[in-house]
Each structure stands twice: as C-alpha cells, then as structure tokens.
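**Student:** If it helps, the file is called entry.tsv and holds TSV, C-alpha atoms:
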```tsv
chain	number	residue	atom	x	y	z
A	10	MET	CA	13.51	-51.58	-65.74
A	11	ASP	CA	13.98	-54.54	-63.47
A	12	ALA	CA	11.74	-57.58	-63.51
A	13	LEU	CA	9.53	-56.24	-60.78
A	14	GLN	CA	8.91	-52.99	-62.60
A	15	ILE	CA	8.16	-54.85	-65.77
A	16	VAL	CA	5.51	-57.10	-64.28
A	17	SER	CA	4.08	-54.41	-62.04
A	18	GLU	CA	2.33	-52.86	-65.02
A	19	PRO	CA	-1.12	-54.46	-65.10
A	20	ARG	CA	-1.39	-54.58	-68.88
A	21	ARG	CA	1.96	-56.27	-69.20
A	22	ARG	CA	0.79	-58.88	-66.72
A	23	GLU	CA	-2.37	-59.33	-68.71
A	24	ILE	CA	-0.35	-59.72	-71.91
A	25	LEU	CA	1.76	-62.38	-70.20
A	26	ARG	CA	-1.37	-64.23	-69.22
A	27	LEU	CA	-2.71	-64.07	-72.76
A	28	VAL	CA	0.43	-65.51	-74.30
A	29	TRP	CA	1.18	-67.90	-71.45
A	30	ASP	CA	0.45	-71.08	-73.36
A	31	ARG	CA	-0.34	-69.94	-76.87
A	32	GLU	CA	1.01	-67.71	-79.58
A	33	LEU	CA	-0.76	-64.49	-80.43
A	34	SER	CA	-0.01	-61.65	-82.77
A	35	ALA	CA	0.21	-58.07	-81.53
A	36	GLY	CA	-3.10	-57.47	-83.26
A	37	ASP	CA	-4.75	-60.39	-81.43
A	38	ILE	CA	-3.49	-59.00	-78.16
A	39	ALA	CA	-4.45	-55.41	-78.91
A	40	GLY	CA	-7.97	-56.59	-79.74
A	41	ARG	CA	-8.42	-57.60	-76.11
A	42	PHE	CA	-7.47	-54.23	-74.68
A	43	ASP	CA	-9.03	-50.84	-74.71
A	44	VAL	CA	-5.70	-49.20	-75.44
A	45	THR	CA	-4.11	-48.43	-78.76
A	46	PHE	CA	-2.17	-50.90	-80.85
A	47	GLY	CA	0.86	-48.69	-80.33
A	48	ALA	CA	0.60	-48.99	-76.56
A	49	VAL	CA	0.37	-52.76	-76.81
A	50	SER	CA	3.39	-52.78	-79.12
A	51	GLN	CA	5.37	-50.85	-76.57
A	52	HIS	CA	4.47	-53.26	-73.80
A	53	LEU	CA	5.46	-56.17	-76.05
A	54	ALA	CA	8.77	-54.50	-76.76
A	55	VAL	CA	9.49	-54.17	-73.05
A	56	LEU	CA	8.54	-57.81	-72.44
A	57	ARG	CA	10.70	-58.96	-75.34
A	58	GLU	CA	13.66	-56.93	-74.23
A	59	ALA	CA	13.42	-58.54	-70.80
A	60	GLY	CA	13.14	-61.95	-72.41
A	61	PHE	CA	9.74	-62.58	-70.87
A	62	VAL	CA	8.18	-63.20	-74.25
A	63	SER	CA	9.70	-64.56	-77.42
A	64	ALA	CA	8.58	-63.74	-80.94
A	65	ARG	CA	8.76	-65.53	-84.25
A	66	ARG	CA	7.81	-64.52	-87.74
A	67	ASP	CA	4.86	-66.15	-89.41
A	68	GLY	CA	4.51	-64.69	-92.88
A	69	ASN	CA	4.12	-60.98	-92.35
A	70	ARG	CA	3.00	-61.34	-88.76
A	71	ARG	CA	5.00	-61.71	-85.61
A	72	LEU	CA	3.70	-64.18	-83.04
A	73	TYR	CA	4.40	-63.73	-79.35
A	74	ARG	CA	4.53	-66.26	-76.59
A	75	ALA	CA	5.66	-66.23	-72.96
A	76	ASP	CA	9.17	-67.58	-72.50
A	77	ARG	CA	8.59	-69.69	-69.43
A	78	GLU	CA	12.19	-70.74	-69.08
A	79	ARG	CA	13.15	-67.15	-68.65
A	80	LEU	CA	10.31	-66.54	-66.27
A	81	GLY	CA	11.09	-69.54	-64.09
A	82	PRO	CA	14.05	-68.18	-62.13
A	83	LEU	CA	11.90	-65.33	-60.99
A	84	ALA	CA	10.04	-67.73	-58.73
A	85	GLN	CA	12.43	-66.85	-55.94
A	86	ALA	CA	11.25	-63.29	-56.10
A	87	LEU	CA	7.93	-64.32	-54.60
A	88	GLU	CA	9.79	-65.11	-51.44
A	89	ALA	CA	11.00	-61.56	-51.35
A	90	MET	CA	7.43	-60.44	-51.80
A	91	TRP	CA	6.21	-62.29	-48.75
A	92	SER	CA	9.20	-61.10	-46.88
A	93	SER	CA	8.22	-57.53	-47.64
A	94	ALA	CA	4.63	-58.24	-46.66
A	95	LEU	CA	5.85	-59.45	-43.29
A	96	ASP	CA	7.96	-56.34	-42.91
A	97	ARG	CA	4.85	-54.31	-43.39
A	98	LEU	CA	2.98	-56.49	-40.91
A	99	ALA	CA	5.76	-55.97	-38.39
A	100	ILE	CA	5.60	-52.21	-38.82
A	101	ALA	CA	1.85	-52.23	-38.37
A	102	VAL	CA	1.83	-54.46	-35.30
A	103	GLU	CA	4.79	-52.85	-33.61
A	104	ASN	CA	3.30	-49.39	-34.04
A	105	ASP	CA	-0.24	-50.33	-33.06
A	106	PRO	CA	-1.57	-47.54	-30.84
A	107	ASN	CA	-4.06	-49.97	-29.28
A	108	PRO	CA	-2.19	-53.22	-28.76
A	109	ALA	CA	-4.06	-56.25	-27.48
A	110	PRO	CA	-4.07	-56.14	-23.68
A	111	PRO	CA	-1.94	-58.92	-22.29
A	112	GLY	CA	-3.98	-61.73	-20.86
A	113	ALA	CA	-7.18	-60.81	-22.66
A	114	PRO	CA	-8.61	-63.68	-24.66
A	115	SER	CA	-8.24	-63.33	-28.38
A	116	ASP	CA	-11.32	-62.33	-30.23
A	117	ASN	CA	-10.97	-64.23	-33.44
A	118	ARG	CA	-14.03	-62.70	-35.01
A	119	GLY	CA	-13.48	-59.87	-37.44
A	120	SER	CA	-13.64	-56.34	-36.17
A	121	PRO	CA	-16.57	-54.20	-37.27
B	25	MET	CA	9.95	-85.68	-53.86
B	26	ILE	CA	8.86	-82.26	-52.78
B	27	VAL	CA	9.14	-79.68	-55.50
B	28	GLU	CA	10.43	-76.77	-53.49
B	29	ARG	CA	9.68	-74.39	-56.26
B	30	ASP	CA	5.96	-74.78	-55.57
B	31	VAL	CA	6.29	-73.73	-51.95
B	32	ILE	CA	7.28	-70.39	-50.57
B	33	ARG	CA	8.44	-70.05	-47.01
B	34	VAL	CA	9.20	-66.78	-45.30
B	35	GLU	CA	9.60	-65.90	-41.66
B	36	ARG	CA	10.15	-62.79	-39.64
B	37	ARG	CA	10.35	-61.84	-36.00
B	38	ILE	CA	7.91	-59.20	-34.80
B	39	GLU	CA	8.33	-57.42	-31.52
B	40	ALA	CA	4.81	-58.07	-30.27
B	41	SER	CA	2.93	-60.93	-28.69
B	42	PRO	CA	1.41	-63.73	-30.79
B	43	ARG	CA	-1.94	-62.43	-29.60
B	44	ALA	CA	-1.26	-59.00	-31.07
B	45	VAL	CA	-0.11	-60.49	-34.38
B	46	PHE	CA	-3.07	-62.86	-34.53
B	47	ARG	CA	-5.44	-59.92	-34.53
B	48	TYR	CA	-3.76	-58.60	-37.68
B	49	LEU	CA	-4.48	-61.88	-39.42
B	50	THR	CA	-8.12	-62.09	-38.40
B	51	GLU	CA	-9.56	-58.56	-38.22
B	52	SER	CA	-10.49	-56.91	-41.49
B	53	ALA	CA	-9.41	-53.39	-40.60
B	54	LEU	CA	-6.11	-54.57	-39.20
B	55	TRP	CA	-5.28	-56.80	-42.17
B	56	ALA	CA	-5.74	-53.83	-44.49
B	57	ARG	CA	-3.04	-51.99	-42.57
B	58	TRP	CA	-0.40	-54.26	-44.01
B	59	GLN	CA	-1.83	-55.65	-47.22
B	60	GLY	CA	-4.35	-54.43	-49.76
B	61	GLU	CA	-6.73	-51.54	-49.68
B	62	SER	CA	-9.42	-53.31	-47.73
B	63	ALA	CA	-10.18	-56.77	-46.44
B	64	GLU	CA	-13.30	-58.72	-45.58
B	65	LEU	CA	-12.44	-61.45	-43.17
B	66	ASP	CA	-14.81	-63.86	-41.51
B	67	PRO	CA	-12.30	-65.74	-39.38
B	68	VAL	CA	-14.11	-68.98	-38.76
B	69	PRO	CA	-13.45	-72.26	-40.59
B	70	GLY	CA	-15.14	-71.91	-43.97
B	71	GLY	CA	-15.55	-68.17	-43.49
B	72	ARG	CA	-14.65	-65.98	-46.36
B	73	PHE	CA	-11.34	-64.30	-46.91
B	74	ILE	CA	-11.21	-61.38	-49.30
B	75	VAL	CA	-8.47	-58.83	-49.78
B	76	ARG	CA	-8.99	-56.08	-52.32
B	77	MET	CA	-5.74	-55.04	-53.92
B	78	SER	CA	-5.38	-51.99	-56.11
B	79	ASN	CA	-5.87	-52.34	-59.88
B	80	ASP	CA	-9.16	-54.09	-59.19
B	81	GLN	CA	-7.41	-57.29	-58.22
B	82	VAL	CA	-9.23	-59.24	-55.57
B	83	VAL	CA	-7.72	-62.05	-53.57
B	84	GLU	CA	-10.35	-64.52	-52.53
B	85	GLY	CA	-10.43	-67.69	-50.50
B	86	ASN	CA	-11.71	-69.08	-47.26
B	87	PHE	CA	-10.43	-69.55	-43.78
B	88	ILE	CA	-9.57	-73.21	-43.42
B	89	SER	CA	-8.50	-73.39	-39.81
B	90	LEU	CA	-7.69	-71.08	-36.93
B	91	GLU	CA	-5.94	-71.71	-33.64
B	92	PRO	CA	-6.14	-68.58	-31.49
B	93	ASP	CA	-2.82	-66.79	-31.21
B	94	SER	CA	-0.88	-69.52	-33.00
B	95	ARG	CA	-2.05	-70.48	-36.48
B	96	VAL	CA	-4.17	-69.27	-39.40
B	97	VAL	CA	-4.68	-71.18	-42.65
B	98	VAL	CA	-6.49	-69.71	-45.63
B	99	SER	CA	-7.05	-70.69	-49.22
B	100	TRP	CA	-5.87	-68.11	-51.70
B	101	GLY	CA	-6.35	-67.10	-55.31
B	102	TRP	CA	-7.40	-64.25	-57.55
B	103	GLN	CA	-10.92	-63.63	-58.72
B	104	GLY	CA	-11.06	-64.32	-62.43
B	105	HIS	CA	-7.48	-65.52	-62.68
B	106	PRO	CA	-7.25	-68.15	-65.44
B	107	ARG	CA	-4.76	-70.38	-63.64
B	108	MET	CA	-5.02	-69.47	-60.02
B	109	PRO	CA	-8.65	-68.61	-59.36
B	110	ALA	CA	-10.11	-67.99	-55.94
B	111	GLY	CA	-9.09	-70.40	-53.26
B	112	THR	CA	-6.66	-72.55	-55.26
B	113	SER	CA	-3.50	-72.22	-53.19
B	114	ILE	CA	-2.92	-72.43	-49.45
B	115	VAL	CA	-1.32	-69.85	-47.17
B	116	GLU	CA	-0.46	-70.81	-43.62
B	117	PHE	CA	0.66	-68.41	-40.89
B	118	ASN	CA	2.34	-69.86	-37.83
B	119	LEU	CA	2.98	-67.69	-34.79
B	120	VAL	CA	5.73	-68.94	-32.51
B	121	PRO	CA	6.48	-67.11	-29.24
B	122	ASP	CA	10.05	-65.86	-29.10
B	123	GLY	CA	10.88	-64.07	-25.86
B	124	THR	CA	8.93	-60.82	-25.90
B	125	GLY	CA	8.19	-61.20	-29.59
B	126	THR	CA	6.78	-63.58	-32.15
B	127	ILE	CA	8.26	-65.45	-35.07
B	128	VAL	CA	5.78	-65.28	-37.92
B	129	ARG	CA	6.18	-68.06	-40.48
B	130	VAL	CA	4.36	-67.88	-43.79
B	131	THR	CA	4.11	-70.96	-45.97
B	132	HIS	CA	2.46	-70.57	-49.33
B	133	ARG	CA	1.89	-73.89	-51.04
B	134	ASP	CA	0.07	-75.50	-53.94
B	135	LEU	CA	1.22	-72.82	-56.34
B	136	PRO	CA	1.17	-73.86	-59.96
B	137	PRO	CA	4.92	-73.78	-60.56
B	138	GLU	CA	4.83	-72.16	-63.93
B	139	ASP	CA	2.53	-69.49	-62.64
B	140	VAL	CA	4.72	-68.18	-59.90
B	141	LEU	CA	5.68	-65.08	-61.75
B	142	LEU	CA	2.11	-64.07	-62.33
B	143	HIS	CA	1.32	-64.82	-58.75
B	144	ARG	CA	4.19	-62.69	-57.70
B	145	ALA	CA	2.81	-59.95	-59.84
B	146	GLY	CA	-0.22	-59.90	-57.62
B	147	TRP	CA	1.92	-58.72	-54.75
B	148	ASP	CA	3.58	-55.87	-56.44
B	149	MET	CA	1.02	-53.15	-55.84
B	150	PHE	CA	1.64	-52.74	-52.18
B	151	LEU	CA	5.35	-53.45	-52.13
B	152	PRO	CA	6.60	-50.15	-53.44
B	153	ARG	CA	4.35	-48.54	-50.85
B	154	LEU	CA	5.76	-50.83	-48.23
B	155	ALA	CA	9.23	-49.61	-48.98
B	156	ILE	CA	8.05	-46.05	-48.40
B	157	VAL	CA	6.23	-46.90	-45.19
B	158	ALA	CA	9.24	-48.81	-43.96
B	159	LYS	CA	11.31	-45.65	-44.30
B	160	GLY	CA	8.76	-43.71	-42.28
B	161	GLY	CA	7.12	-41.94	-45.21
B	162	ASP	CA	3.56	-41.61	-46.36
B	163	PRO	CA	2.87	-43.93	-49.30
B	164	GLY	CA	-0.07	-41.85	-50.47
B	165	PRO	CA	-3.02	-43.39	-52.27
B	166	ASN	CA	-2.68	-46.74	-53.96
B	167	PRO	CA	-1.60	-46.48	-57.58
B	168	GLY	CA	-3.76	-47.53	-60.46
```
What does the file become when written as structure tokens?
**Tutor:**
Amino acid sequence: MDALQIVSEPRRREILRLVWDRELSAGDIAGRFDVTFGAVSQHLAVLREAGFVSARRDGNRRLYRADRERLGPLAQALEAMWSSALDRLAIAVENDPNPAPPGAPSDNRGSP
Amino acid sequence: MIVERDVIRVERRIEASPRAVFRYLTESALWARWQGESAELDPVPGGRFIVRMSNDQVVEGNFISLEPDSRVVVSWGWQGHPRMPAGTSIVEFNLVPDGTGTIVRVTHRDLPPEDVLLHRAGWDMFLPRLAIVAKGGDPGPNPG
C-alpha cells in the first residue's frame, strides 16, 4: 500500500488523530471504535509498517504514537491533491453542456 | 520568514472563460460536479460554504470575499476535526484570463504544518474517482 492508500481508510485516519500527540495502547484505541480489537490491531500494523506510528513497550503493553517526522514529508502530497481537484474541475467546466453565455453578467448567487 | 510548508499552491489552465469557471466555484450544484457529494454555497461575503464529502466528512467555512469572474476566498476546515475545525484555514481561487482559457490558481494557507497529512486525508475520497473520471469512465457511487 502506498501512503495515500494507507491514509484513505477512515479508521486509520482516526487512529492517527487519536495518537497524534499522545501515546495510547491498542486497547485504548479499540475502546473508541465500534470495530473489533483485531481490526484495530490490523490497522495499527499497517500504520507501523508504513512508519506512520511508532510503538514502544511499557510493561506488557505496547504504546502507539504518531511519528510526525515520518509524516512530515507527505506534506507535498497535498499539492498533488489540489492538482487533482483542479483536473476534475477542468473536466467538469470543459464538458459543461450549458456553458455560461459570453457577455452575460455572472450570477454569483448559488443555483437552486 | 514564510514557512512554505504551511502553504499549498497549485495552478492549472482550463479551456473555458473565467466566467464559466467562476460559476463552478459559486454554484452549489456545479461545485459538487468536481468535489464532494453535495455542496451548500451561499456566495456572498460571510455566506456559508459547506461541502459534504463521503465518509460523513463535512468541509465547512464561509465565503470571505468574491470578485465576479476573478477571485473567490473561503475559510476551510472539517466539522469536528480536533485540529482543523470549520473555517480555520483559507483557500483562495484566482482566475486569470489566458487567451481563450483561464489559469486557475489555488492557494491554501494557514494550515497547521504538522496536520498536513490529516488534511490531505480529507481529499482522498474523491481523488480515486477523479482518476476514473479523467479517463472517461464512470466512477460509480462514492465509497464508504
């Protein structure tokens, strides 16, 4: 899975938010979801493998936390996101069956 | 010193007039053709700006300023997001005439730098669909 696929799963995003600035155990995290502990464990494994979260042992528990240094370089990807959004905008505008008539004043109110 | 990491700038040329593009930034039904599942836009200064993504994510902000056929500025955030709640960043669209087309410039600023990944994650629902649309296919219903 690439980074985009990893963060495109809503629960993985939610896990990242939960451990963004604090450590939590898998049990703490699972307690906030309506899915099984096993499912949360799997998501954590994917996030760990990608380096998005780090884990350390604390007694018999494992505590997870977002690894922000690893996440940082992904900032550039947001640019790609907007770029894609504009591609979609271009497709929509350029294929508009009812383009704005030239010369007509813009109606800047929302359409019904 | 400007921290470039907190600002995202993207531009693209569209083969249509600024007037045509402007409508897609200010009319609810037209916005939803390129982003989100639906949009509620009240394109007057202070008017609300809501885009419903899939997975129950809702982008919310307000229109800050509008210049017909040339510029739209909105505030931007996610409902219920712990670090980037409704209206906490700024997105500006500039439309610059370019021959028979328009250069669209998007500037997204005031992002919390450490939150860029999670912000990015907010965009991911429609992007895979975009790729399909861009190839001329039918993206089908939104996932999730």
**Student:** Could you tell me how far atom CA of Trp29 of chain A lies from atom CA of Asp76 of chain A, in Å and to one decimal?
**Tutor:**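 Separation of atom CA of Trp29 of chain A and atom CA of Asp76 of chain A: 8.1 Å.
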**Student:** Tell me, as a PDB file with C-alpha atoms, keeping the file's coordinate frame, which residues lie within 10 Å of Leu95 of chain A, counting all atoms listed in the file; anything in the same chain fewer than 3 positions away does not count.
**Tutor:**
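Okay, part19.pdb is ready:
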```
ATOM      1  CA  ALA A  89      11.000 -61.560 -51.350  1.00  0.00           C
ATOM      2  CA  MET A  90       7.430 -60.440 -51.800  1.00  0.00           C
ATOM      3  CA  TRP A  91       6.210 -62.290 -48.750  1.00  0.00           C
ATOM      4  CA  SER A  92       9.200 -61.100 -46.880  1.00  0.00           C
ATOM      5  CA  LEU A  98       2.980 -56.490 -40.910  1.00  0.00           C
ATOM      6  CA  ALA A  99       5.760 -55.970 -38.390  1.00  0.00           C
ATOM      7  CA  ILE A 100       5.600 -52.210 -38.820  1.00  0.00           C
ATOM      8  CA  ALA A 101       1.850 -52.230 -38.370  1.00  0.00           C
TER       9      ALA A 101
ATOM     10  CA  VAL B  34       9.200 -66.780 -45.300  1.00  0.00           C
ATOM     11  CA  GLU B  35       9.600 -65.900 -41.660  1.00  0.00           C
ATOM     12  CA  ARG B  36      10.150 -62.790 -39.640  1.00  0.00           C
ATOM     13  CA  ARG B  37      10.350 -61.840 -36.000  1.00  0.00           C
ATOM     14  CA  ILE B  38       7.910 -59.200 -34.800  1.00  0.00           C
ATOM     15  CA  TRP B  58      -0.400 -54.260 -44.010  1.00  0.00           C
ATOM     16  CA  GLN B  59      -1.830 -55.650 -47.220  1.00  0.00           C
ATOM     17  CA  VAL B 128       5.780 -65.280 -37.920  1.00  0.00           C
ATOM     18  CA  ARG B 129       6.180 -68.060 -40.480  1.00  0.00           C
ATOM     19  CA  VAL B 130       4.360 -67.880 -43.790  1.00  0.00           C
ATOM     20  CA  LEU B 154       5.760 -50.830 -48.230  1.00  0.00           C
TER      21      LEU B 154
END
```
**Student:** Using only C-alpha atoms, which residue out of B:Ile114, B:Ile88, B:Ile127, B:Val120 lies closest to chain A?
**Tutor:**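 Under the stated criterion, the closest residue is B:Ile127.
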**Student:** Need the shell around segment 31-39 of chain A: protein/DNA/RNA residues with any atom at most 12 Å away, counting all atoms listed in the file. Skip same-chain ones fewer than 4 positions apart. Format as a PyMOL selection string?
**Tutor:** chain A and resi 20-21+23-27+43-54+62-77
**Student:** For chain A, which of B:Pro92, B:Gly111, B:Gly85, B:Gly101 is the closest residue, counting all atoms listed in the file?
**Tutor:**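 Nearest to chain A: B:Pro92.
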**Student:** Which one of A:Val28, A:Ser93, A:Phe42, A:Ala59 sits closest to chain B if you count all atoms listed in the file?
**Tutor:**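 Checking each candidate against chain B, we get A:Ser93 as the closest.
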**Student:** Mind giving me the straight-line distance from atom CA of Ala94 of chain A to atom CA of Glu39 of chain B in Å, one decimal?
**Tutor:**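 So the two atoms, atom CA of Ala94 of chain A and atom CA of Glu39 of chain B, lie 15.6 Å apart.
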**Student:** Please list as a PDB file with C-alpha atoms, in the coordinates of the input every residue within 10 Å of Ala53 of chain B, counting only C-alpha atoms and excluding residues in the same chain fewer than 3 positions away.
**Tutor:**
```
ATOM      1  CA  GLY A 119     -13.480 -59.870 -37.440  1.00  0.00           C
ATOM      2  CA  SER A 120     -13.640 -56.340 -36.170  1.00  0.00           C
ATOM      3  CA  PRO A 121     -16.570 -54.200 -37.270  1.00  0.00           C
TER       4      PRO A 121
ATOM      5  CA  ARG B  47      -5.440 -59.920 -34.530  1.00  0.00           C
ATOM      6  CA  TYR B  48      -3.760 -58.600 -37.680  1.00  0.00           C
ATOM      7  CA  LEU B  49      -4.480 -61.880 -39.420  1.00  0.00           C
ATOM      8  CA  THR B  50      -8.120 -62.090 -38.400  1.00  0.00           C
ATOM      9  CA  ALA B  56      -5.740 -53.830 -44.490  1.00  0.00           C
ATOM     10  CA  ARG B  57      -3.040 -51.990 -42.570  1.00  0.00           C
ATOM     11  CA  TRP B  58      -0.400 -54.260 -44.010  1.00  0.00           C
ATOM     12  CA  GLU B  61      -6.730 -51.540 -49.680  1.00  0.00           C
ATOM     13  CA  SER B  62      -9.420 -53.310 -47.730  1.00  0.00           C
ATOM     14  CA  ALA B  63     -10.180 -56.770 -46.440  1.00  0.00           C
ATOM     15  CA  GLU B  64     -13.300 -58.720 -45.580  1.00  0.00           C
ATOM     16  CA  LEU B  65     -12.440 -61.450 -43.170  1.00  0.00           C
TER      17      LEU B  65
END
```
**Student:** Using only C-alpha atoms, which residue out of A:Pro106, A:Gly40, A:Val55, A:Arg97 lies closest to chain B?
**Tutor:**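 Of A:Pro106, A:Gly40, A:Val55, A:Arg97, the one nearest chain B, counting only C-alpha atoms, is A:Arg97.
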**Student:** So the first atom is atom CA of Glu116 of chain B and the second is atom CA of Arg22 of chain A; what is the distance between them in Å, to one decimal place?
**Tutor:** 26.0 Å
**Student:** For chain A, which residue out of B:Pro67, B:Gly123, B:Gly60, B:Gly104 is the nearest one, using only C-alpha atoms?
**Tutor:**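 Nearest to chain A: B:Pro67.
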**Student:** Which one of B:Pro121, B:Ser89, B:Val45, B:Gly71 sits closest to chain A if you count only C-alpha atoms?
**Tutor:**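 Under the stated criterion, the closest residue is B:Val45.
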**Student:** Would you mind listing what lies within 8 Å of His132 of chain B as a list in words, with only C-alpha atoms counted and same-chain residues fewer than 3 positions away left out?
**Tutor:**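 Using only C-alpha atoms, the neighbours found are Val31, Ile32, Arg33, Ser113, Ile114, Val115, Glu116 and Leu135 of chain B.
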